[in-house]
>>> print(open('protein19.txt').read())   # compact mmCIF, C-alpha atoms
# COMPACT_ATOMS: atom_id res chain seq x y z
CA VAL Z 4 -2.76 26.79 20.68
CA ILE Z 5 -1.78 26.42 17.03
CA ARG Z 6 -4.50 25.63 14.48
CA HIS Z 7 -2.97 23.83 11.50
CA THR Z 8 -5.08 23.69 8.33
CA VAL Z 9 -4.46 22.26 4.91
CA SER Z 10 -6.87 22.69 2.04
CA PHE Z 11 -6.43 20.32 -0.87
CA SER Z 12 -7.83 18.60 -3.90
CA LEU Z 13 -7.61 14.93 -4.79
CA VAL Z 14 -6.85 13.14 -8.01
CA HIS Z 15 -9.99 11.04 -7.49
CA PRO Z 16 -13.37 11.70 -9.12
CA GLU Z 17 -15.83 13.65 -7.02
CA GLY Z 18 -17.97 11.34 -4.92
CA SER Z 19 -15.80 8.30 -5.67
CA THR Z 20 -15.06 5.50 -3.26
CA ALA Z 21 -11.38 6.38 -3.49
CA GLU Z 22 -12.15 9.95 -2.43
CA ALA Z 23 -14.15 8.79 0.58
CA ASP Z 24 -11.47 6.29 1.53
CA PHE Z 25 -8.75 8.93 1.46
CA LEU Z 26 -10.75 11.28 3.68
CA THR Z 27 -11.81 8.60 6.12
CA THR Z 28 -8.38 6.99 6.39
CA GLY Z 29 -6.71 10.39 6.64
CA ALA Z 30 -8.97 11.52 9.41
CA ARG Z 31 -8.64 8.26 11.33
CA THR Z 32 -4.86 8.12 10.94
CA LEU Z 33 -3.98 11.74 11.62
CA ALA Z 34 -6.49 12.38 14.40
CA ALA Z 35 -4.97 9.45 16.30
CA VAL Z 36 -1.44 10.87 16.33
CA PRO Z 37 -0.54 12.00 19.87
CA GLY Z 38 -0.99 15.72 20.41
CA VAL Z 39 -3.63 16.19 17.70
CA VAL Z 40 -6.88 17.69 19.01
CA ASP Z 41 -10.06 19.02 17.38
CA PHE Z 42 -9.44 17.25 14.07
CA VAL Z 43 -12.06 18.35 11.53
CA VAL Z 44 -12.68 17.38 7.92
CA SER Z 45 -14.50 19.98 5.81
CA ARG Z 46 -15.70 20.27 2.28
CA GLN Z 47 -14.42 23.47 0.64
CA VAL Z 48 -17.25 25.01 -1.40
CA SER Z 49 -16.10 28.49 -2.44
CA ALA Z 50 -15.75 28.86 -6.20
CA LYS Z 51 -12.85 31.23 -5.47
CA SER Z 52 -10.70 28.25 -4.44
CA ASP Z 53 -9.92 25.18 -6.51
CA HIS Z 54 -9.56 23.02 -3.40
CA ALA Z 55 -12.34 20.61 -2.47
CA PHE Z 56 -11.50 19.66 1.13
CA GLN Z 57 -9.72 20.79 4.26
CA PHE Z 58 -8.15 18.97 7.20
CA ALA Z 59 -7.81 21.09 10.34
CA MET Z 60 -6.27 20.19 13.70
CA SER Z 61 -4.95 21.91 16.79
CA PHE Z 62 -1.81 21.49 18.88
CA ALA Z 63 -1.25 22.80 22.38
CA ASP Z 64 2.15 24.18 21.43
CA GLN Z 65 4.98 23.97 18.90
CA GLY Z 66 6.43 20.91 20.64
CA ALA Z 67 3.24 18.96 20.06
CA TYR Z 68 3.18 20.15 16.45
CA ASP Z 69 6.79 19.07 15.89
CA ALA Z 70 6.11 15.66 17.44
CA TYR Z 71 3.15 15.19 15.06
CA ASP Z 72 5.23 16.22 12.10
CA ALA Z 73 7.91 13.68 13.00
CA HIS Z 74 5.53 10.86 13.98
CA SER Z 75 5.81 7.75 11.81
CA ASP Z 76 2.04 7.45 11.33
CA HIS Z 77 1.99 10.97 9.89
CA ARG Z 78 5.10 10.39 7.78
CA ASP Z 79 3.80 7.07 6.49
CA PHE Z 80 0.43 8.57 5.55
CA VAL Z 81 2.12 11.39 3.65
CA ALA Z 82 4.41 8.99 1.80
CA ALA Z 83 1.85 6.31 1.02
CA ARG Z 84 -1.30 8.32 0.41
CA TRP Z 85 -0.93 12.11 0.43
CA SER Z 86 1.92 12.24 -2.08
CA GLU Z 87 0.04 9.96 -4.48
CA GLU Z 88 -3.56 11.15 -4.17
CA VAL Z 89 -3.40 14.91 -3.51
CA SER Z 90 -3.15 17.06 -6.62
CA SER Z 91 -2.64 20.43 -4.88
CA PHE Z 92 -2.67 21.79 -1.37
CA ARG Z 93 -1.99 24.84 0.78
CA GLU Z 94 -1.14 24.98 4.46
CA LEU Z 95 -1.82 27.63 7.09
CA ASP Z 96 -0.78 27.76 10.75
CA LEU Z 97 -2.92 30.05 12.84
CA ILE Z 98 -2.39 31.47 16.29
CA PRO Z 99 -4.67 33.86 18.16
CA TYR Z 100 -4.30 37.58 17.47
CA ASP Z 101 -5.74 39.82 20.15
CA VAL Z 102 -7.52 42.80 18.58
CA SER Z 103 -8.69 44.28 21.85
CA VAL N 5 -23.03 26.17 9.32
CA ILE N 6 -20.61 27.70 6.83
CA ARG N 7 -17.14 28.74 8.05
CA HIS N 8 -15.81 31.54 5.86
CA THR N 9 -12.07 32.22 6.09
CA VAL N 10 -9.81 34.66 4.32
CA SER N 11 -6.06 34.69 4.77
CA PHE N 12 -4.27 37.83 3.67
CA SER N 13 -1.27 40.10 3.83
CA LEU N 14 -1.25 43.84 4.26
CA VAL N 15 0.72 46.58 2.58
CA HIS N 16 1.66 47.93 6.02
CA PRO N 17 4.94 47.22 7.82
CA GLU N 18 4.86 44.39 10.32
CA GLY N 19 3.90 45.65 13.75
CA SER N 20 2.88 49.08 12.48
CA THR N 21 0.04 51.16 13.84
CA ALA N 22 -1.62 50.98 10.42
CA GLU N 23 -1.52 47.18 10.58
CA ALA N 24 -3.10 47.10 14.03
CA ASP N 25 -5.74 49.62 12.99
CA PHE N 26 -6.73 47.56 9.96
CA LEU N 27 -7.09 44.40 12.02
CA THR N 28 -8.98 46.08 14.85
CA THR N 29 -11.30 48.06 12.61
CA GLY N 30 -11.89 45.05 10.36
CA ALA N 31 -12.76 42.83 13.27
CA ARG N 32 -15.04 45.39 14.87
CA THR N 33 -16.79 46.25 11.60
CA LEU N 34 -17.25 42.78 10.16
CA ALA N 35 -18.09 40.99 13.41
CA ALA N 36 -20.94 43.45 13.91
CA VAL N 37 -22.66 42.66 10.62
CA PRO N 38 -25.88 40.74 11.29
CA GLY N 39 -25.49 36.98 10.85
CA VAL N 40 -21.77 36.89 11.58
CA VAL N 41 -20.85 34.60 14.48
CA ASP N 42 -17.57 33.30 15.92
CA PHE N 43 -15.45 36.00 14.32
CA VAL N 44 -11.77 35.27 14.92
CA VAL N 45 -8.60 37.12 13.95
CA SER N 46 -5.47 34.99 13.69
CA ARG N 47 -1.85 35.52 12.88
CA GLN N 48 -0.68 33.16 10.11
CA VAL N 49 2.77 31.83 11.02
CA SER N 50 3.55 29.02 8.57
CA ALA N 51 6.53 29.80 6.34
CA LYS N 52 4.73 27.80 3.63
CA SER N 53 2.25 30.67 3.21
CA ASP N 54 3.05 34.29 2.44
CA HIS N 55 -0.06 35.50 4.27
CA ALA N 56 0.31 37.08 7.70
CA PHE N 57 -3.27 37.08 9.02
CA GLN N 58 -6.65 35.41 8.76
CA PHE N 59 -10.21 36.53 9.41
CA ALA N 60 -12.66 33.69 10.07
CA MET N 61 -16.39 33.84 10.68
CA SER N 62 -19.39 31.54 10.60
CA PHE N 63 -22.88 31.84 9.15
CA ALA N 64 -25.88 29.72 10.02
CA ASP N 65 -26.73 29.21 6.36
CA GLN N 66 -26.21 30.56 2.84
CA GLY N 67 -28.91 33.18 3.37
CA ALA N 68 -27.01 34.69 6.28
CA TYR N 69 -23.81 34.60 4.23
CA ASP N 70 -25.47 36.33 1.28
CA ALA N 71 -26.91 39.01 3.58
CA TYR N 72 -23.43 39.67 4.99
CA ASP N 73 -21.95 39.86 1.53
CA ALA N 74 -24.55 42.44 0.48
CA HIS N 75 -24.51 44.45 3.72
CA SER N 76 -23.36 48.05 3.32
CA ASP N 77 -20.98 47.88 6.28
CA HIS N 78 -19.19 44.95 4.61
CA ARG N 79 -19.24 46.57 1.17
CA ASP N 80 -17.98 49.88 2.57
CA PHE N 81 -15.13 48.20 4.46
CA VAL N 82 -14.05 46.34 1.34
CA ALA N 83 -14.15 49.50 -0.78
CA ALA N 84 -12.53 51.85 1.74
CA ARG N 85 -10.00 49.62 3.49
CA TRP N 86 -9.60 46.10 2.08
CA SER N 87 -9.07 47.13 -1.53
CA GLU N 88 -6.43 49.67 -0.49
CA GLU N 89 -4.55 47.88 2.29
CA VAL N 90 -4.59 44.17 1.41
CA SER N 91 -1.80 43.05 -0.91
CA SER N 92 -3.00 39.46 -1.45
CA PHE N 93 -5.67 37.17 -0.09
CA ARG N 94 -7.31 33.79 -0.46
CA GLU N 95 -10.80 32.74 0.59
CA LEU N 96 -12.19 29.38 1.67
CA ASP N 97 -15.74 28.39 2.57
CA LEU N 98 -15.96 25.29 4.70
CA ILE N 99 -18.86 23.05 5.54
CA PRO N 100 -18.79 19.91 7.66
CA TYR N 101 -17.84 16.65 5.94
CA ASP N 102 -18.92 13.53 7.81
CA VAL N 103 -16.20 10.89 7.68
CA SER N 104 -18.06 8.35 9.81
>>> encode(input="protein19.txt", output="structure tokens")
Amino acid sequence: VIRHTVSFSLVHPEGSTAEADFLTTGARTLAAVPGVVDFVVSRQVSAKSDHAFQFAMSFADQGAYDAYDAHSDHRDFVAARWSEEVSSFRELDLIPYDVS
Amino acid sequence: VIRHTVSFSLVHPEGSTAEADFLTTGARTLAAVPGVVDFVVSRQVSAKSDHAFQFAMSFADQGAYDAYDAHSDHRDFVAARWSEEVSSFRELDLIPYDVS
């Protein structure tokens, strides 16, 4: 399993309708792409980060991740919304590390 | 619930015994602090980040988080190991955002 996370901030005022619309539309659009599981939207509240939100999702394997990345619904959301409304972001891809 | 995550890189060579010891000792030490639940160690594999690992843990509330932050086992680990062996890191604190 690969957990893909992206923390980000928006150009919209905090608590605005535009902010809520971005988060809601993003969640609805991206969670519906085939292969996406456990999609979660979080508010980022640490003062040590300047990001306000995080999207997180899991993929069974790299093939599912690649299919998501190439999917037109994902590409269209990035082009139409993400590129216009996100002011900064940072991605992480996480896989289990066994410390036993 | 607050999900606290910190992605980081170590000064140690990839795959070294020192690397494994840091991850194992960190997980054992921090997961045992009262109030810490769902402690997970991950490898960070996105080329878009220069961090190699992530620790993630959850707290029931801010009081549990504050108690962890102040706990001597946490403070001692940071002073003795983290400050010496971590080359860069970034923290996020995540709380649920309801997109319904």
>>> atom_distance(input="protein19.txt", atom1="CA of Phe81 (chain N)", atom2="CA of Thr28 (chain N)")
12.3 Å
>>> atom_distance(input="protein19.txt", atom1="CA of Ala34 (chain Z)", atom2="CA of His54 (chain Z)")
21.0 Å
>>> interface_residues(input="protein19.txt", of="chain Z", to="chain N", cutoff="8 Å", atoms="all atoms listed in the file", output="MDAnalysis selection string")
chainID Z and resid 23 26:27 30 43:49 51:52 57 93:103
>>> axis_aligned_box(input="protein19.txt", around="region 73-83 of chain Z", padding_each_side="4 Å", output="lines of an AutoDock Vina configuration file")
center_x = 4.2
center_y = 10.0
center_z = 7.5
size_x = 15.5
size_y = 15.4
size_z = 21.0
>>> residues_near_point(input="protein19.txt", point="(-10.3, 23.0, 16.8)", cutoff="8 Å", atoms="all atoms listed in the file", output="count of residues only")
8
>>> atom_distance(input="protein19.txt", atom1="CA of Val39 (chain Z)", atom2="CA of Phe93 (chain N)")
27.6 Å
>>> closest_residue(input="protein19.txt", among="Z:Pro37, Z:Tyr71, Z:Gly66, Z:Ala21", to="Arg84 (chain Z)", atoms="all atoms listed in the file")
Z:Ala21
>>> residues_around(input="protein19.txt", residues="Ser91 (chain N)", least_positions_apart="2", cutoff="7 Å", atoms="all atoms listed in the file", output="PDB file with C-alpha atoms, keeping the file's coordinate frame")
ATOM      1  CA  SER N  13      -1.270  40.100   3.830  1.00  0.00           C
ATOM      2  CA  LEU N  14      -1.250  43.840   4.260  1.00  0.00           C
ATOM      3  CA  VAL N  15       0.720  46.580   2.580  1.00  0.00           C
ATOM      4  CA  GLU N  89      -4.550  47.880   2.290  1.00  0.00           C
TER       5      GLU N  89
END
>>> closest_residue(input="protein19.txt", among="Z:Ala67, Z:Val36, Z:Val9, Z:Ala73", to="Ser91 (chain Z)", atoms="only C-alpha atoms")
Z:Val9
